[in-house]
Amino acid sequence: MNDWTQEEQLRNTAGAPAGLPGAPVSTTQATERMQTPLPQPAPLPPFQQQAMTGYQPSESPQPNALNGKTLWKQRTDGLTLVAGYHFLVAALFLIGTLIMMIPTGILGIVSVVEDPDAMIAMFIVGTIAILTLGLCLLYLAVGYGLWTLKPWGRVAALALAVVSLFGFPIGTVTGGLTLWYLMQPQVATKFEPM
């Protein structure tokens with residue numbers, strides 16, 4: 001309690017009969033109560049101390065672990081475009097997978113209800129849907145590897161670029177540009193472990 005609250009309490013309890021909890025207290029008793037130290041709170045666990053004070057223990061950075069600001073400074077616009085291209089292709093393959101799931105489901109229903117031979121077509125279309133999902137995940141992983149400057153991301157992007165060269169005309173152009181850009185010496189040094 002602060003001094004104002006204690007004085008107010010002394011004034012308010014002046015009319016209470018003696019011996020009751022609200023009974024008047026002499027000035028010496030009030031002074032003794034005010035000088036009694038308050039108990040100290042229990043210490044906080046270390047994780048709560050860090051949260052309250054904003055203190056974070058310093059950890060030595062791992063050799064290939066970079067924070068977001070460092071990555072943003074190291075990643076060039078070209079790398080951002082190549083990673084974005086891989087994310088875009090992954091999204092297109094995901095849309096293709098979702099589209100292929102519709103005829104797979106319809107053929108499955110038809111094969112059960114009317115024509116058992118439709119099950120062969122269901123397996124063919126379902127296999128194509130699974131392959132497009134696999135390509136979606138592959139392009140997504142490569143895009144992540146490029147975005148975070150992982151050495152395996154560059155190697156996988158180069159491999160995908162070689163394969164995409166056979167997809168004339170768009171695959172040939174994008175594969176060739178990806179190969180040309182990722183083979184640049186200044187770009188290759190960004191993927192080296194620190």
# chains A, B, ... in the order shown; residues from 1 in each chain; ligands from 1
$ closest_atom_pairs --of "stretch 120-163 of chain A" --to "stretch 100-103 of chain A" --cutoff "12 Å" --atoms "only C-alpha atoms" --output "JSON lines"
{"residue": "A:Ala121", "atom": "CA", "partner": "A:Pro103", "partner_atom": "CA", "distance": 9.4}
{"residue": "A:Met122", "atom": "CA", "partner": "A:Pro103", "partner_atom": "CA", "distance": 7.6}
{"residue": "A:Phe123", "atom": "CA", "partner": "A:Pro103", "partner_atom": "CA", "distance": 10.6}
{"residue": "A:Ile124", "atom": "CA", "partner": "A:Met100", "partner_atom": "CA", "distance": 10.5}
{"residue": "A:Val125", "atom": "CA", "partner": "A:Met100", "partner_atom": "CA", "distance": 6.7}
{"residue": "A:Gly126", "atom": "CA", "partner": "A:Met101", "partner_atom": "CA", "distance": 6.9}
{"residue": "A:Thr127", "atom": "CA", "partner": "A:Met100", "partner_atom": "CA", "distance": 9.5}
{"residue": "A:Ile128", "atom": "CA", "partner": "A:Met100", "partner_atom": "CA", "distance": 7.5}
{"residue": "A:Ala129", "atom": "CA", "partner": "A:Met100", "partner_atom": "CA", "distance": 5.3}
{"residue": "A:Ile130", "atom": "CA", "partner": "A:Met100", "partner_atom": "CA", "distance": 9.0}
{"residue": "A:Leu131", "atom": "CA", "partner": "A:Met100", "partner_atom": "CA", "distance": 10.4}
{"residue": "A:Thr132", "atom": "CA", "partner": "A:Met100", "partner_atom": "CA", "distance": 8.8}
{"residue": "A:Leu133", "atom": "CA", "partner": "A:Met100", "partner_atom": "CA", "distance": 10.0}
$ write_last_selection --atoms "N, CA and C atoms" --output "compact mmCIF listing (two decimals), in the first residue's frame"
# COMPACT_ATOMS: atom_id res chain seq x y z
N ALA A 121 -8.73 -46.63 -66.92
CA ALA A 121 -8.55 -45.19 -67.17
C ALA A 121 -8.35 -44.44 -65.86
N MET A 122 -9.05 -44.87 -64.80
CA MET A 122 -8.89 -44.21 -63.50
C MET A 122 -7.45 -44.35 -63.02
N PHE A 123 -6.86 -45.53 -63.16
CA PHE A 123 -5.48 -45.72 -62.73
C PHE A 123 -4.50 -44.90 -63.57
N ILE A 124 -4.76 -44.79 -64.87
CA ILE A 124 -3.88 -44.00 -65.74
C ILE A 124 -3.94 -42.52 -65.35
N VAL A 125 -5.15 -42.00 -65.21
CA VAL A 125 -5.31 -40.58 -64.85
C VAL A 125 -4.81 -40.34 -63.43
N GLY A 126 -5.04 -41.28 -62.53
CA GLY A 126 -4.54 -41.15 -61.16
C GLY A 126 -3.03 -41.15 -61.09
N THR A 127 -2.40 -41.96 -61.94
CA THR A 127 -0.93 -41.99 -62.00
C THR A 127 -0.39 -40.65 -62.50
N ILE A 128 -1.05 -40.08 -63.49
CA ILE A 128 -0.63 -38.76 -63.98
C ILE A 128 -0.79 -37.71 -62.87
N ALA A 129 -1.86 -37.80 -62.09
CA ALA A 129 -2.07 -36.85 -60.98
C ALA A 129 -0.97 -37.00 -59.94
N ILE A 130 -0.58 -38.24 -59.66
CA ILE A 130 0.48 -38.46 -58.67
C ILE A 130 1.82 -37.93 -59.20
N LEU A 131 2.09 -38.12 -60.48
CA LEU A 131 3.33 -37.59 -61.07
C LEU A 131 3.36 -36.06 -61.03
N THR A 132 2.25 -35.41 -61.33
CA THR A 132 2.22 -33.94 -61.26
C THR A 132 2.39 -33.45 -59.83
N LEU A 133 1.85 -34.20 -58.87
CA LEU A 133 2.06 -33.83 -57.46
C LEU A 133 3.53 -33.98 -57.08
$ closest_residue --among "A:Tyr85, A:Phe93, A:Trp152, A:Phe191" --to "A:Gly175" --atoms "only C-alpha atoms"
A:Tyr85
$ closest_residue --among "A:Phe166, A:Arg75, A:Leu160, A:Val142" --to "A:Leu179" --atoms "only C-alpha atoms"
A:Leu160
$ closest_residue --among "A:Ser111, A:Thr172, A:Thr189, A:Ser164" --to "A:Lys150" --atoms "only C-alpha atoms"
A:Thr189
$ residues_around --residues "A:Leu149" --least-positions-apart "5" --cutoff "9 Å" --atoms "only C-alpha atoms" --output "list in words"
Leu71, Gln74, Arg75, Leu79, Tyr144, Arg154, Lys190, Phe191 and Glu192 of chain A
$ closest_residue --among "A:Thr76, A:His86, A:Met119, A:Pro43" --to "A:Tyr139" --atoms "only C-alpha atoms"
A:His86
$ closest_residue --among "A:Leu165, A:Ala83, A:Gln184, A:Val113" --to "A:Gly153" --atoms "only C-alpha atoms"
A:Ala83
$ closest_residue --among "A:Leu146, A:Val173, A:Ile99, A:Val155" --to "A:Leu81" --atoms "only C-alpha atoms"
A:Leu146
